Structures are given as C-alpha cells and as structure tokens.
file upload_33.tsv (TSV, C-alpha atoms)
chain	number	residue	atom	x	y	z
D	1	MET	CA	117.52	116.67	75.28
D	2	SER	CA	116.05	117.44	78.70
D	3	LYS	CA	112.67	116.07	77.59
D	4	ARG	CA	114.26	112.88	76.27
D	5	CYS	CA	116.20	112.39	79.49
D	6	GLN	CA	113.01	112.79	81.51
D	7	ASN	CA	111.23	110.23	79.36
D	8	LEU	CA	114.14	107.81	79.71
D	9	LEU	CA	114.11	108.18	83.49
D	10	LEU	CA	110.35	107.62	83.50
D	11	GLN	CA	110.65	104.42	81.43
D	12	ILE	CA	113.38	103.13	83.75
D	13	TYR	CA	111.10	103.87	86.71
D	14	LEU	CA	108.11	102.10	85.10
D	15	HIS	CA	110.18	98.95	84.60
D	16	PHE	CA	112.07	99.18	87.90
D	17	PRO	CA	109.94	101.19	90.39
D	18	GLU	CA	112.35	100.33	93.19
D	19	VAL	CA	114.90	102.82	91.79
D	20	ILE	CA	112.93	105.61	93.43
D	21	GLN	CA	114.43	104.48	96.74
D	22	HIS	CA	117.94	105.25	95.47
D	23	VAL	CA	117.49	108.12	92.99
D	24	THR	CA	115.69	111.44	93.33
D	25	LEU	CA	113.87	111.89	90.04
D	26	PRO	CA	113.82	115.47	88.70
D	27	GLU	CA	110.67	117.48	89.26
D	28	GLY	CA	108.36	117.08	86.29
D	29	THR	CA	109.43	113.51	85.44
D	30	PHE	CA	106.05	112.08	86.39
D	31	SER	CA	104.16	114.75	84.47
D	32	SER	CA	106.21	114.50	81.31
D	33	GLY	CA	103.46	112.62	79.48
D	34	GLY	CA	105.06	109.19	79.12
D	35	ALA	CA	103.33	107.53	82.05
D	36	ALA	CA	99.91	107.29	80.41
D	37	ASP	CA	101.01	106.11	76.97
D	38	GLY	CA	101.04	102.55	75.69
D	39	SER	CA	104.35	101.58	77.28
D	40	SER	CA	104.48	98.57	79.57
D	41	CYS	CA	105.11	98.65	83.29
D	42	LYS	CA	106.48	95.99	85.61
D	43	LEU	CA	103.61	96.37	88.07
D	44	ASP	CA	100.66	96.74	85.68
D	45	VAL	CA	99.33	93.27	86.47
D	46	LEU	CA	99.50	93.85	90.22
D	47	VAL	CA	97.80	97.27	90.03
D	48	HIS	CA	95.12	95.85	87.71
D	49	ARG	CA	94.47	93.14	90.28
D	50	LEU	CA	94.25	95.64	93.13
D	51	VAL	CA	91.76	97.83	91.25
D	52	THR	CA	89.67	94.78	90.35
D	53	LEU	CA	89.58	93.69	93.99
D	54	LEU	CA	88.70	97.22	95.07
D	55	ALA	CA	85.62	97.06	92.83
D	56	ASP	CA	84.35	93.77	94.29
D	57	ILE	CA	80.86	94.01	95.79
D	58	GLY	CA	80.40	90.74	97.66
D	59	ASP	CA	78.85	90.96	101.12
D	60	THR	CA	80.72	88.13	102.82
D	61	LYS	CA	83.37	88.85	105.42
D	62	SER	CA	86.11	87.42	103.23
D	63	VAL	CA	85.16	89.73	100.35
D	64	GLU	CA	84.95	92.73	102.69
D	65	GLY	CA	88.42	91.85	103.95
D	66	ARG	CA	89.81	91.66	100.42
D	67	VAL	CA	88.24	95.00	99.49
D	68	SER	CA	89.65	96.59	102.64
D	69	ASP	CA	93.15	95.25	101.92
D	70	ALA	CA	92.97	96.40	98.30
D	71	ASN	CA	91.79	99.85	99.41
D	72	LEU	CA	94.70	100.24	101.82
D	73	ALA	CA	97.15	99.03	99.17
D	74	CYS	CA	95.77	101.47	96.57
D	75	ARG	CA	95.92	104.36	99.04
D	76	LYS	CA	99.52	103.52	99.85
D	77	LEU	CA	100.29	103.24	96.14
D	78	ALA	CA	98.65	106.63	95.48
D	79	VAL	CA	101.09	108.24	97.91
D	80	SER	CA	104.30	106.34	97.18
D	81	HIS	CA	103.91	105.51	93.45
D	82	PRO	CA	101.07	107.68	92.09
D	83	VAL	CA	102.14	107.37	88.47
D	84	LEU	CA	101.69	103.57	88.58
D	85	LEU	CA	98.09	103.97	89.73
D	86	LEU	CA	97.28	106.82	87.34
D	87	ARG	CA	98.07	104.53	84.40
D	88	HIS	CA	94.91	102.61	85.36
D	89	LEU	CA	92.63	105.62	85.84
D	90	PRO	CA	90.67	104.83	82.61
D	91	MET	CA	89.95	101.38	84.03
D	92	VAL	CA	88.72	102.93	87.28
D	93	ALA	CA	86.50	105.29	85.28
D	94	GLY	CA	85.05	102.33	83.40
D	95	LEU	CA	84.32	100.42	86.61
D	96	LEU	CA	82.50	103.47	87.99
D	97	HIS	CA	80.54	104.03	84.78
D	98	GLY	CA	79.37	100.41	84.75
D	99	ARG	CA	77.32	101.00	87.93
D	100	ILE	CA	75.54	104.29	87.27
D	101	HIS	CA	72.55	102.57	85.61
D	102	LEU	CA	71.59	100.81	88.85
D	103	ASN	CA	68.58	102.02	90.78
D	104	MET	CA	69.12	103.20	94.33
D	105	GLN	CA	67.88	100.01	95.93
D	106	GLU	CA	70.37	97.92	93.96
D	107	PHE	CA	73.11	100.48	94.51
D	108	ARG	CA	72.66	100.48	98.28
D	109	GLN	CA	72.00	96.76	98.77
D	110	GLN	CA	75.01	95.72	96.69
D	111	ASN	CA	77.28	98.16	98.53
D	112	HIS	CA	78.48	100.04	95.44
D	113	MET	CA	78.73	103.26	97.45
D	114	THR	CA	81.80	101.84	99.18
D	115	PHE	CA	83.61	101.57	95.86
D	116	PHE	CA	82.67	105.12	94.86
D	117	SER	CA	83.79	106.50	98.23
D	118	ASN	CA	87.08	104.59	98.09
D	119	VAL	CA	87.81	105.86	94.57
D	120	LEU	CA	87.11	109.46	95.56
D	121	ALA	CA	89.44	109.13	98.55
D	122	ILE	CA	92.17	107.70	96.31
D	123	LEU	CA	91.73	110.55	93.79
D	124	GLU	CA	92.27	113.01	96.65
D	125	LEU	CA	95.60	111.34	97.41
D	126	LEU	CA	96.60	111.46	93.73
D	127	GLN	CA	96.54	115.27	93.71
D	128	PRO	CA	98.01	117.20	91.95
D	129	LEU	CA	99.22	114.68	89.35
D	130	VAL	CA	95.65	113.55	88.66
D	131	PHE	CA	94.92	117.02	87.23
D	132	HIS	CA	97.60	116.71	84.54
D	133	SER	CA	96.36	117.02	80.96
D	134	ASP	CA	97.19	113.36	80.24
D	135	HIS	CA	94.55	112.27	82.75
D	136	GLN	CA	91.82	114.83	82.02
D	137	ARG	CA	89.54	112.51	80.07
D	138	ALA	CA	89.65	109.68	82.61
D	139	LEU	CA	89.29	112.11	85.51
D	140	GLN	CA	86.26	113.78	83.97
D	141	ASP	CA	84.71	110.38	83.29
D	142	CYS	CA	85.10	109.59	87.00
D	143	LEU	CA	83.56	112.92	88.02
D	144	LEU	CA	80.63	112.40	85.65
D	145	SER	CA	79.91	109.01	87.23
D	146	PHE	CA	79.99	110.63	90.67
D	147	MET	CA	77.52	113.31	89.55
D	148	LYS	CA	75.17	110.83	87.88
D	149	VAL	CA	75.07	108.64	90.97
D	150	LEU	CA	74.32	111.68	93.13
D	151	ARG	CA	71.54	112.58	90.70
D	152	ASN	CA	70.11	109.09	91.16
D	153	PHE	CA	69.99	109.74	94.90
D	154	GLN	CA	67.46	112.55	94.38
D	155	ARG	CA	64.29	112.17	96.44
D	156	THR	CA	66.17	109.75	98.71
D	157	ARG	CA	68.54	110.28	101.58
D	158	SER	CA	71.64	111.79	99.99
D	159	PRO	CA	75.12	110.67	101.14
D	160	LEU	CA	76.18	114.03	102.59
D	161	VAL	CA	79.67	112.90	103.55
D	162	PHE	CA	80.32	111.81	99.96
D	163	ILE	CA	78.81	115.04	98.59
D	164	ASN	CA	81.06	117.18	100.79
D	165	LYS	CA	84.15	115.21	99.76
D	166	PHE	CA	83.12	115.54	96.12
D	167	LEU	CA	82.73	119.31	96.48
D	168	GLN	CA	86.13	119.60	98.17
D	169	PHE	CA	87.74	117.67	95.33
D	170	THR	CA	85.91	119.78	92.74
D	171	GLN	CA	87.28	122.94	94.33
D	172	LYS	CA	90.81	121.55	94.11
D	173	TYR	CA	90.18	120.66	90.45
D	174	ILE	CA	89.10	124.25	89.70
D	175	THR	CA	92.05	125.66	91.62
D	176	HIS	CA	94.59	123.61	89.68
D	177	VAL	CA	93.14	123.67	86.13
D	178	ALA	CA	90.30	126.17	85.93
D	179	ALA	CA	90.47	126.28	82.12
D	180	ALA	CA	89.50	122.60	81.92
D	181	ALA	CA	87.40	122.27	85.08
D	182	ILE	CA	84.98	125.18	84.72
D	183	PRO	CA	83.74	124.47	81.16
D	184	TYR	CA	83.33	120.83	82.09
D	185	LEU	CA	81.29	121.63	85.21
D	186	GLN	CA	79.24	124.19	83.27
D	187	LYS	CA	78.39	121.48	80.76
D	188	HIS	CA	76.96	119.31	83.54
D	189	SER	CA	75.56	122.09	85.72
D	190	ALA	CA	72.01	120.72	85.34
D	191	ILE	CA	72.98	117.73	87.48
D	192	LEU	CA	74.46	120.04	90.10
D	193	GLN	CA	71.32	122.23	90.00
D	194	GLY	CA	69.17	119.20	90.74
D	195	LEU	CA	71.47	118.17	93.56
D	196	CYS	CA	71.25	121.67	95.00
D	197	ALA	CA	67.46	121.60	94.87
D	198	GLU	CA	67.46	118.38	96.89
D	199	ASN	CA	70.03	119.73	99.38
D	200	PRO	CA	69.27	123.45	99.81
D	201	ASP	CA	71.47	123.72	102.92
D	202	LEU	CA	74.70	123.00	101.05
D	203	VAL	CA	76.23	126.48	100.91
D	204	GLN	CA	79.33	125.20	99.10
D	205	LEU	CA	77.22	123.80	96.27
D	206	LYS	CA	75.28	127.04	95.92
D	207	SER	CA	78.54	128.95	95.76
D	208	LEU	CA	79.87	126.59	93.09
D	209	LEU	CA	76.75	126.98	90.96
D	210	ALA	CA	76.78	130.77	91.35
D	211	GLY	CA	80.38	130.84	90.16
D	212	LEU	CA	79.65	128.64	87.16
D	213	THR	CA	77.25	131.26	85.79
D	214	LEU	CA	80.08	133.80	85.51
D	215	PRO	CA	81.93	134.25	82.20
D	216	VAL	CA	85.21	132.37	82.25
D	217	LYS	CA	88.23	133.33	80.17
D	218	ARG	CA	89.72	130.10	78.83
D	219	SER	CA	93.39	129.74	78.08
D	220	SER	CA	94.67	128.08	74.95
D	221	ALA	CA	97.67	125.82	74.51
D	222	GLU	CA	99.46	128.61	72.66
D	223	ASN	CA	99.28	131.11	75.53
D	224	ALA	CA	102.51	132.16	77.17
D	225	PRO	CA	102.99	130.86	80.76
D	226	GLU	CA	102.28	134.30	82.21
D	227	ASP	CA	99.08	134.52	80.15
D	228	ARG	CA	97.95	131.16	81.47
D	229	ASP	CA	98.49	132.38	85.02
D	230	ASP	CA	96.32	135.42	84.28
D	231	ASP	CA	93.61	133.25	82.77
D	232	MET	CA	93.69	130.96	85.76
D	233	SER	CA	93.11	133.81	88.14
D	234	THR	CA	90.30	135.36	86.09
D	235	GLY	CA	88.67	131.96	85.75
D	236	SER	CA	88.62	131.11	89.42
D	237	LEU	CA	85.29	131.05	91.14
D	238	PRO	CA	84.19	133.01	94.22
D	239	LEU	CA	83.77	129.80	96.15
D	240	VAL	CA	83.11	129.46	99.82
D	241	ASN	CA	86.18	127.78	101.25
D	242	ILE	CA	85.31	124.10	101.15
D	243	SER	CA	87.96	122.96	103.56
D	244	ALA	CA	87.83	119.76	105.53
D	245	SER	CA	84.69	119.75	107.61
D	246	VAL	CA	86.51	119.76	110.91
D	247	SER	CA	83.83	119.84	113.57
D	248	LEU	CA	86.21	120.90	116.34
D	249	SER	CA	86.39	124.44	117.62
D	250	ALA	CA	89.50	125.90	119.23
D	251	ALA	CA	87.82	125.52	122.61
D	252	ASP	CA	87.06	121.84	121.91
D	253	MET	CA	90.65	121.23	120.89
D	254	THR	CA	91.98	122.82	124.07
D	255	MET	CA	89.60	120.81	126.23
D	256	TYR	CA	90.31	117.53	124.44
D	257	LEU	CA	94.09	117.95	124.60
D	258	LYS	CA	93.88	118.78	128.29
D	259	LYS	CA	91.75	115.73	129.07
D	260	MET	CA	94.09	113.46	127.08
D	261	SER	CA	97.21	114.75	128.83
D	262	ARG	CA	99.17	112.71	131.33
D	263	GLY	CA	97.66	112.36	134.76
D	264	GLU	CA	94.05	112.81	133.68
D	265	ALA	CA	91.41	110.29	134.76
D	266	VAL	CA	90.92	107.27	132.49
D	267	GLU	CA	87.22	108.17	132.18
D	268	ASP	CA	88.11	111.59	130.76
D	269	VAL	CA	90.56	110.09	128.28
D	270	LEU	CA	87.98	107.52	127.13
D	271	GLU	CA	85.39	110.25	126.73
D	272	VAL	CA	87.69	112.23	124.44
D	273	LEU	CA	88.74	109.15	122.45
D	274	THR	CA	85.10	108.23	121.94
D	275	GLU	CA	84.21	111.73	120.71
D	276	VAL	CA	87.22	111.88	118.40
D	277	ASP	CA	86.31	108.44	117.10
D	278	GLU	CA	82.77	109.55	116.27
D	279	LYS	CA	83.82	112.86	114.67
D	280	SER	CA	86.64	111.26	112.70
D	281	ARG	CA	84.23	108.94	110.90
D	282	ARG	CA	83.11	112.02	108.99
D	283	SER	CA	86.39	113.95	109.10
D	284	PRO	CA	89.30	111.53	109.62
D	285	GLU	CA	91.79	114.36	109.14
D	286	ILE	CA	91.07	115.67	112.66
D	287	ILE	CA	92.92	112.70	114.18
D	288	GLN	CA	96.31	114.10	113.20
D	289	TYR	CA	95.86	116.85	115.81
D	290	PHE	CA	96.14	114.14	118.47
D	291	ILE	CA	99.05	112.09	117.10
D	292	ASN	CA	101.37	112.68	120.06
D	293	ASP	CA	98.71	111.66	122.58
D	294	LEU	CA	97.71	108.63	120.52
D	295	GLN	CA	101.32	107.44	120.37
D	296	ARG	CA	101.51	107.65	124.16
D	297	LEU	CA	98.14	105.92	124.66
D	298	MET	CA	99.14	103.09	122.32
D	299	MET	CA	101.60	102.09	125.07
D	300	SER	CA	99.00	102.44	127.85
D	301	SER	CA	98.29	99.60	130.27
D	302	GLU	CA	94.57	100.49	130.10
D	303	GLU	CA	93.20	98.07	127.53
D	304	LEU	CA	90.28	100.13	126.25
D	305	CYS	CA	92.36	103.30	125.88
D	306	ARG	CA	95.08	101.36	124.14
D	307	SER	CA	92.72	99.63	121.70
D	308	MET	CA	90.97	102.87	120.79
D	309	ALA	CA	94.32	104.63	120.32
D	310	PHE	CA	95.48	101.90	117.92
D	311	ASN	CA	92.20	102.10	115.97
D	312	LEU	CA	92.41	105.88	115.66
D	313	ALA	CA	96.07	105.72	114.68
D	314	LEU	CA	95.32	103.27	111.87
D	315	ARG	CA	92.39	105.38	110.68
D	316	CYS	CA	94.67	108.41	110.63
D	317	ILE	CA	97.21	106.54	108.50
D	318	GLN	CA	94.49	105.21	106.18
D	319	ASN	CA	93.38	108.77	105.56
D	320	ASN	CA	96.97	109.94	104.97
D	321	PRO	CA	99.44	107.08	104.35
D	322	CYS	CA	102.31	109.59	104.47
D	323	LEU	CA	101.95	109.51	108.27
D	324	ALA	CA	102.68	105.76	108.48
D	325	THR	CA	106.36	106.18	109.33
D	326	ASP	CA	105.50	108.65	112.12
D	327	PHE	CA	104.05	105.74	114.07
D	328	LEU	CA	106.90	103.30	113.34
D	329	PRO	CA	108.93	103.95	116.56
D	330	THR	CA	105.77	103.61	118.68
D	331	PHE	CA	104.72	100.40	116.97
D	332	MET	CA	108.19	98.91	117.38
D	333	TYR	CA	108.22	99.89	121.06
D	334	CYS	CA	104.81	98.31	121.63
D	335	MET	CA	105.92	95.00	120.11
D	336	GLY	CA	108.95	95.00	122.39
D	337	SER	CA	107.05	96.13	125.48
D	338	GLY	CA	107.35	94.27	128.76
D	339	ASN	CA	103.56	94.44	129.05
D	340	PHE	CA	102.12	91.30	127.45
D	341	ASP	CA	98.78	93.00	126.67
D	342	VAL	CA	100.49	95.87	124.84
D	343	VAL	CA	102.44	93.35	122.74
D	344	GLN	CA	99.25	91.45	121.89
D	345	THR	CA	97.46	94.62	120.80
D	346	ALA	CA	100.36	95.57	118.55
D	347	LEU	CA	100.49	92.09	117.02
D	348	ARG	CA	96.74	92.09	116.33
D	349	ASN	CA	97.16	95.28	114.32
D	350	LEU	CA	100.40	94.21	112.64
D	351	PRO	CA	98.97	93.03	109.25
D	352	GLU	CA	97.11	96.29	108.60
D	353	TYR	CA	100.00	98.45	109.72
D	354	VAL	CA	102.52	96.46	107.65
D	355	LEU	CA	100.42	97.09	104.56
D	356	LEU	CA	100.28	100.82	105.29
D	357	CYS	CA	103.97	101.03	106.17
D	358	GLN	CA	105.25	98.45	103.71
D	359	GLU	CA	108.49	100.32	103.02
D	360	HIS	CA	109.50	99.21	106.53
D	361	ALA	CA	107.79	95.80	106.42
D	362	ASP	CA	111.10	93.95	106.78
D	363	ILE	CA	111.88	95.76	110.06
D	364	LEU	CA	108.39	95.17	111.46
D	365	LEU	CA	108.25	91.49	110.55
D	366	HIS	CA	111.77	90.89	111.85
D	367	LYS	CA	110.77	92.51	115.13
D	368	ALA	CA	107.66	90.32	115.33
D	369	PHE	CA	109.82	87.25	114.71
D	370	LEU	CA	112.22	88.21	117.51
D	371	VAL	CA	109.28	88.84	119.86
D	372	GLY	CA	108.06	85.33	119.13
D	373	ILE	CA	111.49	83.77	119.71
D	374	TYR	CA	112.59	85.62	122.85
D	375	GLY	CA	109.19	86.45	124.32
D	376	GLN	CA	107.85	82.92	123.89
D	377	ILE	CA	104.76	84.32	122.14
D	378	ASP	CA	103.22	82.69	119.08
D	379	THR	CA	103.60	85.42	116.46
D	380	SER	CA	103.56	83.07	113.48
D	381	SER	CA	99.90	83.64	112.59
D	382	MET	CA	100.26	87.44	112.54
D	383	ILE	CA	103.50	87.24	110.53
D	384	SER	CA	101.82	84.85	108.08
D	385	GLU	CA	98.77	87.11	107.74
D	386	SER	CA	101.03	90.12	107.17
D	387	MET	CA	102.90	88.28	104.42
D	388	LYS	CA	99.62	87.28	102.78
D	389	VAL	CA	98.37	90.84	102.81
D	390	LEU	CA	101.64	92.13	101.38
D	391	HIS	CA	101.54	89.64	98.56
D	392	MET	CA	97.76	89.87	98.20
D	393	GLU	CA	97.53	86.10	98.73
D	394	ALA	CA	94.75	86.82	101.20
D	395	THR	CA	92.65	87.84	98.20
D	396	THR	CA	92.75	84.53	96.37
call {"tool": "encode", "arguments": {"input": "upload_33.tsv", "output": "structure tokens"}}
result
Amino acid sequence: MSKRCQNLLLQIYLHFPEVIQHVTLPEGTFSSGGAADGSSCKLDVLVHRLVTLLADIGDTKSVEGRVSDANLACRKLAVSHPVLLLRHLPMVAGLLHGRIHLNMQEFRQQNHMTFFSNVLAILELLQPLVFHSDHQRALQDCLLSFMKVLRNFQRTRSPLVFINKFLQFTQKYITHVAAAAIPYLQKHSAILQGLCAENPDLVQLKSLLAGLTLPVKRSSAENAPEDRDDDMSTGSLPLVNISASVSLSAADMTMYLKKMSRGEAVEDVLEVLTEVDEKSRRSPEIIQYFINDLQRLMMSSEELCRSMAFNLALRCIQNNPCLATDFLPTFMYCMGSGNFDVVQTALRNLPEYVLLCQEHADILLHKAFLVGIYGQIDTSSMISESMKVLHMEATT
C-alpha cells in the first residue's frame, strides 16, 4: 500500500508539478521508480525543448544567448524539479553520443565542449537522484561519452577543468553506488589509462586507476540492507579526496575578507574582486565564501565594484541555484535604491536573475514595474526580456 501511495503521489506530481509548493512529498517518492517509466508528464515538451536548445552549437550571439538561457533553466530545474529533468537523461546521453565521432578540430571549432561541460555541471546538481538504479544506463552512457571525448583529446591540450570536474563526479558515483560504478569503470579503464599517460600530474586519476585494480566485492539485489552496506564499504576505493579545487588558502581567505570589509580602499576591494573573479572561473564554488560582502557591494555607489559584485553573485547562483533566494532581499533593495546607478545595474541583471529565482519572479517583476511607475524609469524592456526568458520566447 505504501508503494502504491508513493506511485500515486508521483503521478500527481508529474501531471501537476506545482503541487510541490503546497505538499511535502514523502522521502523516497522521487526514487520509487515511476518517474522514468513510460508515463506522461505535463512538462515533457518544455524540458525536451530546453535540452534541445542546450545542445545547440551555433556561433552567433543569438544562439549563444539561447544556449545560456537554456543552461540556466536546466540548472534551476535540476535543483527544484530534478525528477522532471531525469526523465530526459536518455535523450541527453544520445545528444552526447552523437558528437563523440568528431575530430578535435571540429569539436573545438563547433563549440561542442560547452555542451559537454554544461551537461556535466547539470549532472552534479542532479545528485544523488541521478545515481538511482532507474537512471544507471543513461548515466553510464553519458560517462562513456565523456571518457571517449577525453580520449580524443590525447596528444592535444586536454581540458583540465573538465577532467577535474569529471573526476569529482566519478568519485561521487563510486561513493553512492560502488557496486555499479566500479565494475563499469574497470570495464573502461583502458580509456582512463590513456588519459593518465597524457596527464601524468593528475594525482586523482592515478589514485582512481590504482583503486580500480583492487578486487571489489559486488552486492546482489538479494542481499540484505546491512549486507549491501558492508559491500559498499569493502568496494570503496582508496581515492585521494577529489574535493572542489579551491585555490584559496586560509591566509588568502583572511586577507581577502579583510580587504573587502567596510572602510577599505576601493583599490583593495577591486583587487580582491578581480582575483576572486579569475579563480572562480575554475572553481565557482569559492564565491559563496564572500556572499555577505558581495551583497553589500551590490549596493555600492562605486560602479566597477558594484558591477563586479553583481557578476560574481550571478555566477555563484549559476553554480548553485539553491542560493538564488539568498540574494532576493539585496536585489529587491537595489531596485528600490535611491541611487539611480544602483537601480540601473539591478535592472540590467534582472532577466538572468529572474530565470535563476523564478519561484519569486512575480515579486521581482512587480517591483520592477513599480520602479518604472514611481521612479520614472523605463523598465519595460527589462520586464519584457525577463518574461521572454521565463517563457523561452527569446529562443524562437
């Protein structure tokens, strides 16, 4: 009866996703197996469209804008409605597989690496549901495409940022489902061996390969839960901790936070923002250490500081859409600021932020409308652009 109730709740959710705002679904509802079957879903057409747009490879500014919007929408979806996106994981795997035959010149020139990087980032946000048994085949197809593309990069400049992200995700895969992950990686260890030969400095990859040579006790579906736990622990690898490659020491953090504090010279603040900006391109997760300072600098009268703070804030939210609501009070304050320049900066960033914080889009757009009415500022273009992005009309 419990299983049937879970499946019923899941089917109600698939047809009316908005119910999640009013009902707390029991733990395990999304992993009950019904999400990946042949049932229909109200938002399948929309998600299919988003994934298709994400895979676009045009090099015009309009195409780049559509891909960027689709990427933000998919990242938000991965956090707020992961089960709706996971239904389309086989499609994503197919879109990846359809590009692995390209040579490196074609792959680079046609900007396919962007699609692969975006998909990997979305898979990271879909943890741990993406590791459920229902999604194993599609997930492994995605991972195989990643490995084959990395193999194609041999004897060329390897995308180290992508490799590190891939290794981090692989570690999480092993941690969650060692019984499925380790045999799969062992099967394709030749690709990883070649990658290691081309990148001998990657300690994490060497550790992974060393662990894959160890005998692994696999669990079966008939094992008792406690037996599966034992198997998981005996099957884990002695991996080097592949945590986020945060390139900030404790001393750097102390110095940066001091320089960004109130009363410090603008030059010092700009220096720190510039360094954080550069480092966060490789490790965007470091930005969250500076959220409080960024929120304060978003209201700054110094234009360059303010613009950089907004850019870093949006990058932080892109990396982790769960943080979008943390910036809502600051964004609302900026739009209502008595400083015209602060208002303009907030309005310029409104469409992207609305997409990332769409659960509060009505509040943000209403605020922008009031700013236009009472502040005698033309906000219509930004409101229109925000509406287009929300409805994906900007992609037509």
call {"tool": "atom_distance", "arguments": {"input": "upload_33.tsv", "atom1": "atom CA of D:Leu257", "atom2": "atom CA of D:Asp293"}}
result
8.1 Å
call {"tool": "residues_around", "arguments": {"input": "upload_33.tsv", "residues": "D:Val266", "least_positions_apart": "2", "cutoff": "12 Å", "atoms": "only C-alpha atoms", "output": "VMD selection string"}}
result
chain D and resid 259 to 264 268 to 273 297 300 to 306
call {"tool": "closest_residue", "arguments": {"input": "upload_33.tsv", "among": "D:Leu43, D:Leu84, D:Leu125, D:Met113", "to": "D:Pro159", "atoms": "all atoms listed in the file"}}
result
D:Met113
call {"tool": "atom_distance", "arguments": {"input": "upload_33.tsv", "atom1": "atom CA of D:Leu347", "atom2": "atom CA of D:Thr379"}}
result
7.4 Å
call {"tool": "residues_around", "arguments": {"input": "upload_33.tsv", "residues": "stretch 180-184 of chain D", "least_positions_apart": "6", "cutoff": "7 Å", "atoms": "only C-alpha atoms", "output": "list in words"}}
result
Tyr173, Ile174 and Leu212 of chain D
call {"tool": "residues_near_point", "arguments": {"input": "upload_33.tsv", "point": "(88.1, 100.1, 84.4)", "cutoff": "12 Å", "atoms": "only C-alpha atoms", "output": "VMD selection string"}}
result
chain D and resid 47 to 55 85 to 99 119 138 141 to 142
call {"tool": "residues_near_point", "arguments": {"input": "upload_33.tsv", "point": "(72.0, 106.2, 84.8)", "cutoff": "10 Å", "atoms": "only C-alpha atoms", "output": "PyMOL selection string"}}
result
chain D and resi 97-103+145+148-149+151-152
call {"tool": "closest_residue", "arguments": {"input": "upload_33.tsv", "among": "D:Ile317, D:Ile377, D:Val203, D:Leu192", "to": "D:Phe146", "atoms": "all atoms listed in the file"}}
result
D:Leu192
call {"tool": "residues_around", "arguments": {"input": "upload_33.tsv", "residues": "D:Asn320", "least_positions_apart": "6", "cutoff": "10 Å", "atoms": "only C-alpha atoms", "output": "VMD selection string"}}
result
chain D and resid 75 to 76 79 121 125 284 to 285 288 314 356
call {"tool": "atom_distance", "arguments": {"input": "upload_33.tsv", "atom1": "atom CA of D:Gln193", "atom2": "atom CA of D:Arg137"}}
result
22.9 Å
call {"tool": "axis_aligned_box", "arguments": {"input": "upload_33.tsv", "around": "stretch 37-54 of chain D", "padding_each_side": "3 Å", "output": "AutoDock Vina command-line options"}}
result
--center_x 97.6 --center_y 99.6 --center_z 85.4 --size_x 23.8 --size_y 19.0 --size_z 25.4
call {"tool": "closest_residue", "arguments": {"input": "upload_33.tsv", "among": "D:Ile383, D:Gln136, D:Ile286, D:Ile57", "to": "D:Gln109", "atoms": "all atoms listed in the file"}}
result
D:Ile57
call {"tool": "closest_residue", "arguments": {"input": "upload_33.tsv", "among": "D:Gln6, D:Leu143, D:His132, D:Cys196", "to": "D:Val177", "atoms": "only C-alpha atoms"}}
result
D:His132
call {"tool": "closest_residue", "arguments": {"input": "upload_33.tsv", "among": "D:Val161, D:Leu14, D:Ala309, D:Met104", "to": "D:Lys42", "atoms": "only C-alpha atoms"}}
result
D:Leu14
call {"tool": "residues_around", "arguments": {"input": "upload_33.tsv", "residues": "D:Phe169", "least_positions_apart": "2", "cutoff": "10 Å", "atoms": "only C-alpha atoms", "output": "list in words"}}
result
Leu120, Ala121, Leu123, Glu124, Gln127, Leu143, Ile163, Asn164, Lys165, Phe166, Leu167, Gln171, Lys172, Tyr173, Ile174, Thr175, Ile242 and Ser243 of chain D
call {"tool": "decode", "arguments": {"input": "upload_33.tsv", "residues": "stretch 92-97 of chain D", "atoms": "all heavy atoms", "output": "tab-separated table (two decimals), in the first residue's frame"}}
result
chain	number	residue	atom	x	y	z
D	92	VAL	N	19.61	13.16	-23.31
D	92	VAL	CA	20.88	13.86	-23.11
D	92	VAL	C	22.04	12.95	-23.48
D	92	VAL	O	22.98	13.37	-24.16
D	92	VAL	CB	21.01	14.32	-21.64
D	92	VAL	CG1	22.40	14.91	-21.39
D	92	VAL	CG2	19.94	15.36	-21.30
D	93	ALA	N	21.96	11.68	-23.06
D	93	ALA	CA	23.02	10.72	-23.40
D	93	ALA	C	23.14	10.55	-24.90
D	93	ALA	O	24.26	10.46	-25.44
D	93	ALA	CB	22.72	9.38	-22.73
D	94	GLY	N	22.01	10.52	-25.60
D	94	GLY	CA	22.05	10.40	-27.05
D	94	GLY	C	22.67	11.61	-27.72
D	94	GLY	O	23.43	11.48	-28.70
D	95	LEU	N	22.35	12.80	-27.22
D	95	LEU	CA	22.93	14.02	-27.79
D	95	LEU	C	24.44	14.09	-27.56
D	95	LEU	O	25.18	14.59	-28.41
D	95	LEU	CB	22.25	15.25	-27.16
D	95	LEU	CG	20.80	15.48	-27.57
D	95	LEU	CD1	20.16	16.56	-26.70
D	95	LEU	CD2	20.72	15.89	-29.04
D	96	LEU	N	24.90	13.57	-26.44
D	96	LEU	CA	26.35	13.50	-26.19
D	96	LEU	C	27.00	12.49	-27.14
D	96	LEU	O	28.03	12.77	-27.76
D	96	LEU	CB	26.62	13.10	-24.74
D	96	LEU	CG	26.27	14.11	-23.65
D	96	LEU	CD1	26.39	13.45	-22.28
D	96	LEU	CD2	27.16	15.35	-23.71
D	97	HIS	N	26.38	11.31	-27.23
D	97	HIS	CA	26.96	10.23	-28.04
D	97	HIS	C	27.07	10.64	-29.51
D	97	HIS	O	28.00	10.21	-30.21
D	97	HIS	CB	26.10	8.98	-27.91
D	97	HIS	CG	26.64	7.80	-28.67
D	97	HIS	ND1	27.73	7.08	-28.24
D	97	HIS	CD2	26.24	7.23	-29.85
D	97	HIS	CE1	28.00	6.12	-29.11
D	97	HIS	NE2	27.10	6.18	-30.08
